[in-house]
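Text of query29.txt, listed as compact mmCIF, C-alpha atoms:
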# COMPACT_ATOMS: atom_id res chain seq x y z
CA MET A 1 37.04 -35.40 -19.99
CA THR A 2 35.15 -32.42 -21.33
CA THR A 3 33.14 -30.32 -18.93
CA THR A 4 30.27 -28.24 -20.26
CA LEU A 5 29.48 -25.11 -18.32
CA HIS A 6 25.91 -23.93 -18.35
CA LYS A 7 25.42 -20.25 -17.75
CA ARG A 8 22.16 -19.00 -16.35
CA ALA A 9 20.31 -16.71 -18.72
CA PRO A 10 20.31 -13.11 -17.53
CA MET A 11 17.06 -11.87 -15.98
CA ASP A 12 15.26 -9.46 -18.30
CA SER A 13 14.13 -6.03 -17.14
CA MET A 14 10.42 -6.95 -16.95
CA ARG A 15 11.20 -9.93 -14.72
CA LYS A 16 13.34 -7.74 -12.48
CA THR A 17 10.55 -5.17 -12.25
CA ALA A 18 8.01 -7.84 -11.33
CA LEU A 19 10.36 -9.30 -8.72
CA VAL A 20 11.04 -5.93 -7.08
CA ALA A 21 7.37 -4.88 -7.16
CA GLY A 22 6.27 -8.23 -5.76
CA GLY A 23 8.87 -8.05 -3.03
CA LEU A 24 7.74 -4.56 -2.05
CA TYR A 25 4.11 -5.67 -1.88
CA ILE A 26 5.09 -8.58 0.36
CA LEU A 27 7.16 -6.17 2.48
CA THR A 28 4.06 -4.06 3.16
CA PHE A 29 2.47 -7.11 4.80
CA VAL A 30 5.62 -8.12 6.65
CA ALA A 31 5.92 -4.60 8.10
CA SER A 32 2.30 -3.52 8.68
CA ILE A 33 0.84 -6.63 10.34
CA PRO A 34 3.28 -6.87 13.29
CA ALA A 35 3.25 -3.07 13.63
CA VAL A 36 -0.40 -3.18 14.73
CA GLY A 37 0.46 -5.41 17.66
CA MET A 38 3.59 -3.53 18.61
CA LEU A 39 1.70 -0.23 18.79
CA GLY A 40 -0.92 -1.79 21.05
CA PRO A 41 0.36 -0.32 24.35
CA VAL A 42 0.01 3.29 23.20
CA LEU A 43 -3.18 2.74 21.18
CA ASN A 44 -5.08 0.78 23.83
CA ASN A 45 -3.95 2.51 27.01
CA PRO A 46 -5.48 6.01 27.33
CA ASN A 47 -3.04 6.80 30.14
CA TYR A 48 0.06 5.56 28.34
CA ILE A 49 1.72 8.96 28.45
CA VAL A 50 1.81 8.90 32.28
CA SER A 51 2.36 5.15 32.66
CA ALA A 52 5.52 3.05 32.83
CA GLY A 53 5.32 2.74 29.04
CA ALA A 54 6.78 0.30 26.51
CA ASP A 55 8.67 2.83 24.44
CA THR A 56 11.08 0.48 22.68
CA ARG A 57 8.23 -1.71 21.48
CA VAL A 58 6.22 1.29 20.33
CA LEU A 59 9.19 2.84 18.51
CA MET A 60 9.86 -0.44 16.72
CA GLY A 61 6.20 -0.54 15.66
CA GLY A 62 6.53 2.98 14.33
CA LEU A 63 9.63 2.03 12.33
CA LEU A 64 7.71 -0.87 10.81
CA ASP A 65 4.94 1.53 9.81
CA LEU A 66 7.55 3.78 8.19
CA THR A 67 8.89 0.76 6.32
CA ASN A 68 5.36 0.06 5.13
CA ALA A 69 5.00 3.66 3.92
CA PHE A 70 8.24 3.58 1.93
CA ALA A 71 7.31 0.20 0.44
CA CYS A 72 3.96 1.68 -0.64
CA VAL A 73 5.77 4.43 -2.53
CA GLY A 74 8.14 1.87 -4.02
CA THR A 75 5.32 -0.22 -5.49
CA GLY A 76 3.93 2.80 -7.31
CA VAL A 77 7.29 3.97 -8.63
CA VAL A 78 8.41 0.51 -9.79
CA LEU A 79 5.14 -0.42 -11.50
CA PHE A 80 4.52 2.93 -13.20
CA PRO A 81 6.78 2.35 -16.26
CA VAL A 82 5.03 -0.97 -16.88
CA VAL A 83 1.36 -0.13 -16.36
CA LYS A 84 1.44 3.33 -17.95
CA ARG A 85 1.50 1.60 -21.33
CA TYR A 86 -2.07 0.47 -20.71
CA GLY A 87 -3.43 3.76 -19.35
CA GLU A 88 -1.12 6.58 -18.34
CA ALA A 89 -3.75 8.57 -16.43
CA SER A 90 -4.72 5.56 -14.29
CA ALA A 91 -1.05 4.69 -13.75
CA LEU A 92 -0.27 8.23 -12.60
CA GLY A 93 -3.32 8.15 -10.36
CA PHE A 94 -2.05 4.92 -8.80
CA VAL A 95 1.34 6.47 -8.01
CA THR A 96 -0.37 9.53 -6.53
CA SER A 97 -2.66 7.44 -4.34
CA ARG A 98 0.30 5.44 -3.07
CA LEU A 99 2.16 8.65 -2.23
CA PHE A 100 -0.91 9.96 -0.40
CA GLU A 101 -1.28 6.71 1.54
CA ALA A 102 2.38 6.81 2.57
CA ALA A 103 2.16 10.47 3.62
CA VAL A 104 -0.86 9.78 5.83
CA ILE A 105 0.87 6.79 7.42
CA ILE A 106 3.92 8.94 8.22
CA ILE A 107 1.70 11.56 9.90
CA GLY A 108 0.32 8.81 12.12
CA VAL A 109 3.82 7.60 12.99
CA VAL A 110 4.93 11.13 13.92
CA SER A 111 1.91 11.42 16.23
CA ILE A 112 2.84 8.19 18.02
CA PHE A 113 6.49 9.21 18.30
CA SER A 114 5.33 12.49 19.83
CA VAL A 115 3.49 10.58 22.55
CA VAL A 116 6.67 8.69 23.38
CA THR A 117 8.73 11.88 23.47
CA LEU A 118 6.29 13.63 25.80
CA ARG A 119 6.11 10.59 28.08
CA GLN A 120 9.90 10.45 28.37
CA ASP A 121 10.44 14.21 28.82
CA LEU A 122 7.49 15.28 30.95
CA SER A 123 5.99 12.31 32.76
CA GLY A 124 6.86 12.53 36.45
CA ALA A 125 8.44 15.98 36.10
CA ALA A 126 7.70 18.44 38.88
CA GLY A 127 4.84 20.82 38.21
CA VAL A 128 3.45 18.89 35.26
CA ASP A 129 -0.32 18.40 35.20
CA ALA A 130 -0.94 14.69 34.60
CA GLY A 131 -4.46 15.38 33.38
CA SER A 132 -3.18 17.72 30.66
CA LEU A 133 -0.61 15.15 29.60
CA VAL A 134 -3.28 12.46 29.30
CA THR A 135 -5.45 14.78 27.19
CA THR A 136 -2.51 15.59 24.93
CA GLY A 137 -1.61 11.93 24.57
CA ARG A 138 -5.18 10.98 23.70
CA SER A 139 -5.31 13.75 21.11
CA LEU A 140 -2.17 12.50 19.40
CA VAL A 141 -3.49 8.93 19.39
CA ALA A 142 -6.75 10.21 17.91
CA VAL A 143 -4.73 11.76 15.07
CA ARG A 144 -3.11 8.39 14.44
CA ASP A 145 -6.51 6.65 14.47
CA TRP A 146 -7.79 9.03 11.79
CA THR A 147 -4.69 8.54 9.67
CA PHE A 148 -5.20 4.79 9.90
CA LEU A 149 -8.75 5.19 8.61
CA LEU A 150 -7.84 7.56 5.78
CA GLY A 151 -4.60 5.83 4.81
CA PRO A 152 -4.31 2.05 5.22
CA THR A 153 -8.09 1.55 5.39
CA CYS A 154 -9.54 3.67 2.56
CA MET A 155 -6.65 4.27 0.14
CA PRO A 156 -6.13 0.58 -0.72
CA ALA A 157 -9.60 0.69 -2.25
CA ILE A 158 -8.55 3.54 -4.56
CA ASN A 159 -5.33 1.69 -5.35
CA ALA A 160 -7.29 -1.45 -6.23
CA LEU A 161 -9.60 0.44 -8.58
CA LEU A 162 -6.69 2.06 -10.43
CA LEU A 163 -4.10 -0.72 -10.51
CA GLY A 164 -6.72 -3.47 -10.66
CA SER A 165 -8.26 -2.01 -13.80
CA LEU A 166 -4.81 -1.77 -15.43
CA MET A 167 -3.87 -5.32 -14.50
CA TYR A 168 -7.24 -6.66 -15.64
CA ARG A 169 -6.99 -4.86 -18.97
CA SER A 170 -3.36 -5.81 -19.65
CA ARG A 171 -3.58 -9.41 -18.36
CA LEU A 172 -0.07 -9.08 -16.95
CA VAL A 173 -1.32 -11.28 -14.10
CA PRO A 174 -4.24 -13.76 -14.12
CA ARG A 175 -7.50 -11.84 -14.26
CA VAL A 176 -8.85 -13.50 -11.13
CA ILE A 177 -6.30 -11.52 -9.08
CA PRO A 178 -7.35 -7.98 -10.12
CA THR A 179 -10.99 -9.11 -10.07
CA LEU A 180 -10.67 -9.57 -6.31
CA GLY A 181 -9.39 -6.01 -6.04
CA LEU A 182 -12.17 -4.59 -8.20
CA ILE A 183 -14.80 -6.42 -6.14
CA GLY A 184 -13.23 -5.51 -2.82
CA ALA A 185 -12.69 -1.80 -3.57
CA PRO A 186 -16.34 -0.67 -3.24
CA LEU A 187 -16.77 -2.90 -0.17
CA LEU A 188 -13.76 -1.34 1.54
CA LEU A 189 -14.83 2.19 0.61
CA ALA A 190 -18.31 1.54 2.01
CA SER A 191 -16.76 0.16 5.20
CA GLY A 192 -14.49 3.20 5.53
CA ILE A 193 -17.40 5.62 5.09
CA ALA A 194 -19.43 3.66 7.65
CA GLN A 195 -16.54 3.90 10.11
CA LEU A 196 -16.20 7.60 9.36
CA PHE A 197 -19.77 8.24 10.50
CA GLY A 198 -19.59 5.82 13.42
CA LEU A 199 -21.99 3.28 11.93
CA ILE A 200 -19.56 0.39 12.51
CA ASP A 201 -16.41 -0.08 14.58
CA ASN A 202 -13.00 -0.23 12.95
CA VAL A 203 -12.71 -3.81 14.21
CA SER A 204 -15.97 -5.61 13.53
CA ALA A 205 -17.34 -8.47 11.46
CA TRP A 206 -18.38 -6.04 8.71
CA SER A 207 -14.97 -4.38 8.52
CA VAL A 208 -13.22 -7.76 8.36
CA ILE A 209 -15.50 -8.93 5.55
CA ALA A 210 -14.89 -5.69 3.66
CA VAL A 211 -11.11 -5.83 3.92
CA ALA A 212 -10.72 -9.54 3.06
CA PRO A 213 -10.87 -9.24 -0.78
CA ILE A 214 -8.37 -6.35 -0.80
CA PHE A 215 -6.08 -8.26 1.55
CA ILE A 216 -6.12 -11.29 -0.75
CA TRP A 217 -5.76 -9.14 -3.88
CA GLU A 218 -2.63 -7.35 -2.71
CA LEU A 219 -1.02 -10.44 -1.20
CA SER A 220 -1.70 -12.65 -4.24
CA LEU A 221 -0.52 -9.88 -6.59
CA GLY A 222 2.76 -9.55 -4.68
CA ILE A 223 3.37 -13.30 -4.53
CA TRP A 224 2.51 -13.79 -8.22
CA MET A 225 4.84 -11.00 -9.39
CA ALA A 226 7.67 -12.18 -7.15
CA VAL A 227 7.36 -15.87 -8.08
CA LYS A 228 5.93 -15.91 -11.61
CA GLY A 229 6.61 -12.44 -12.99
CA PHE A 230 4.40 -10.79 -15.59
CA ASN A 231 2.46 -12.78 -18.15
CA PRO A 232 3.07 -11.93 -21.81
CA SER A 233 0.36 -9.34 -22.39
CA PRO A 234 -1.94 -9.90 -25.39
CA VAL A 235 -3.09 -6.30 -25.13
CA THR A 236 -1.44 -3.68 -27.31
CA PRO A 237 -0.11 -0.79 -25.18
CA THR A 238 -2.12 2.39 -25.62
CA THR A 239 0.86 4.75 -25.43
CA ALA A 240 1.97 3.96 -28.94
CA GLN A 241 0.30 6.57 -31.15
CA PRO A 242 -0.49 5.64 -34.74
CA LEU A 243 1.23 7.60 -37.45
CA PRO A 244 -0.97 10.18 -39.15
CA ALA A 245 -2.31 9.16 -42.52
CA ARG A 246 -0.47 10.71 -45.42
CA GLU A 247 -2.49 12.83 -47.77
CA PRO A 248 -2.46 11.63 -51.36
CA LEU A 249 -0.23 13.55 -53.69
CA PRO A 250 -2.10 15.80 -56.12
CA VAL A 251 -2.42 14.37 -59.59
CA ALA A 252 -0.87 16.60 -62.19

Can you present the structure in this file as structure tokens?
Amino acid sequence: MTTTLHKRAPMDSMRKTALVAGGLYILTFVASIPAVGMLGPVLNNPNYIVSAGADTRVLMGGLLDLTNAFACVGTGVVLFPVVKRYGEASALGFVTSRLFEAAVIIIGVVSIFSVVTLRQDLSGAAGVDAGSLVTTGRSLVAVRDWTFLLGPTCMPAINALLLGSLMYRSRLVPRVIPTLGLIGAPLLLASGIAQLFGLIDNVSAWSVIAVAPIFIWELSLGIWMAVKGFNPSPVTPTTAQPLPAREPLPVA
């Protein structure tokens, strides 16, 4: 009896890139969403630094935020070789905005870790002014709150404008996906500016409405790239420069 062995076709480089980029996008959701809840004790308790504390939970939340930051950088680095063909300046801007977002997130994590360190080292120590500790702890939490506004709240709008325009132009994914990002970007920017000037709270009906299109855009982009990969693009890459026209030879 003859047995025929079927070998699976090797995955091409574009499919691998889409899979990795999609996985990193999904990882940002897996890491960032539970991190918000795990950081609750230090964010919602003004006296956390002199309380019993929930340091292990808070540290785990900080590690998840760090994972989110590194995944943000990864999405920019992995996608750059693909999307630069359709606009190198926009692609470079996308990588830069992702790096900025990650850096701001890390600053917020360091602030939260500092609260934990001070609580462990100084809380209950003889001669320590509890009032000063509380003020210091609130200041560090305020730094984290500002990083959350400038990083995960506002920067996704910039990312959506840059990457969304590239994806829409190239048609590497269905156009309805980047359209959500392009619609949501100005809404999220407006919401961030309103929060900056205290016109709305960071958790309100308006902020939820503003963030919804960006949330769906990033999640659907990650799932599509991980499951389906990139569509064959009908758009000719712009990085290929045409050859200069040759001057006609002089006629003798």

Nearest-residue call for A:Val173, choices A:Ser233, A:Asn44, A:Thr28, A:Thr75, using all atoms listed in the file | A:Ser233

Find the residues near stretch 208-222 of chain A: any atom within 6 Å, counting only C-alpha atoms, skip ones fewer than 3 places away on the same chain, and give them as a list in words.
->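 The residues that qualify are Gly22, Tyr25, Ile26, Ile177, Leu180, Gly181, Gly184, Leu187, Leu188, Ala205 and Met225 of chain A.
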
Point out the residue among A:Val73, A:Ala31, A:Leu24, A:Ile106 with the least atom-to-atom distance to A:Val143, counting all atoms listed in the file.
-> A:Ile106

Proximity check stretch 119-190 of chain A to stretch 77-89 of chain A, 12 Å, nearest pairs one decimal Å, only C-alpha atoms, as JSON lines:
{"residue": "A:Leu162", "atom": "CA", "partner": "A:Ala89", "partner_atom": "CA", "distance": 9.3}
{"residue": "A:Leu163", "atom": "CA", "partner": "A:Val83", "partner_atom": "CA", "distance": 8.0}
{"residue": "A:Gly164", "atom": "CA", "partner": "A:Val83", "partner_atom": "CA", "distance": 10.4}
{"residue": "A:Ser165", "atom": "CA", "partner": "A:Gly87", "partner_atom": "CA", "distance": 9.4}
{"residue": "A:Leu166", "atom": "CA", "partner": "A:Tyr86", "partner_atom": "CA", "distance": 6.4}
{"residue": "A:Met167", "atom": "CA", "partner": "A:Val83", "partner_atom": "CA", "distance": 7.6}
{"residue": "A:Tyr168", "atom": "CA", "partner": "A:Tyr86", "partner_atom": "CA", "distance": 10.2}
{"residue": "A:Arg169", "atom": "CA", "partner": "A:Tyr86", "partner_atom": "CA", "distance": 7.5}
{"residue": "A:Ser170", "atom": "CA", "partner": "A:Tyr86", "partner_atom": "CA", "distance": 6.5}
{"residue": "A:Arg171", "atom": "CA", "partner": "A:Tyr86", "partner_atom": "CA", "distance": 10.3}
{"residue": "A:Leu172", "atom": "CA", "partner": "A:Val83", "partner_atom": "CA", "distance": 9.1}
{"residue": "A:Val173", "atom": "CA", "partner": "A:Val83", "partner_atom": "CA", "distance": 11.7}

Which of these, A:Pro34, A:Gly61, A:Pro156, A:Gly192, has the shortest distance to A:Glu101 once you count all atoms listed in the file?
->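 Answer, going by the shortest atom-to-atom distance: A:Pro156.
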
When distances are computed from only C-alpha atoms, which of A:Ile112, A:Leu199, A:Gly74, A:Trp224 shows the smallest separation from A:Pro174?
->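 When distances to A:Pro174 are compared using only C-alpha atoms, the smallest one comes from A:Trp224.
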
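Atom CA of A:Ile223 lies 28.8 Å from atom CA of A:Ile107.
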
For atom CA of A:Asn231 and atom CA of A:Arg175, the interatomic separation in Å (one decimal) |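 Value for the atom CA of A:Asn231-atom CA of A:Arg175 distance: 10.7 Å.
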
Using all atoms listed in the file, determine which residues lie at most 12 Å from A:Cys154, disregarding the query and same-chain residues fewer than 3 positions distant; provide the list as an MDAnalysis selection string.
-> chainID A and resid 97:98 100:101 104:105 146:151 157:161 184:196 202 207 210:211 214

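Using all atoms listed in the file, the contacts of A:Leu133 at a cut-off of 9 Å, with sequence neighbours closer than 4 positions omitted, comprise Asn47, Ile49, Val50, Leu118, Arg119, Leu122, Ser123, Val128, Asp129, Gly137 and Arg138 of chain A.
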
Separation of atom CA of A:Pro46 from atom CA of A:Val109, in Å and rounded to one decimal |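 Atom CA of A:Val109 lies 17.2 Å from atom CA of A:Pro46.
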
Proximity to A:Ala71 - best of A:Val42, A:Leu27, A:Val176, A:Leu182, only C-alpha atoms =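 Answer, going by the shortest atom-to-atom distance: A:Leu27.
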
Identify which of the residues A:Met155, A:Ala91, A:Met14, A:Ala130 lies closest to A:Lys228, counting all atoms listed in the file when measuring atom-to-atom distances.
->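 That would be A:Met14, the residue with the smallest distance to A:Lys228.
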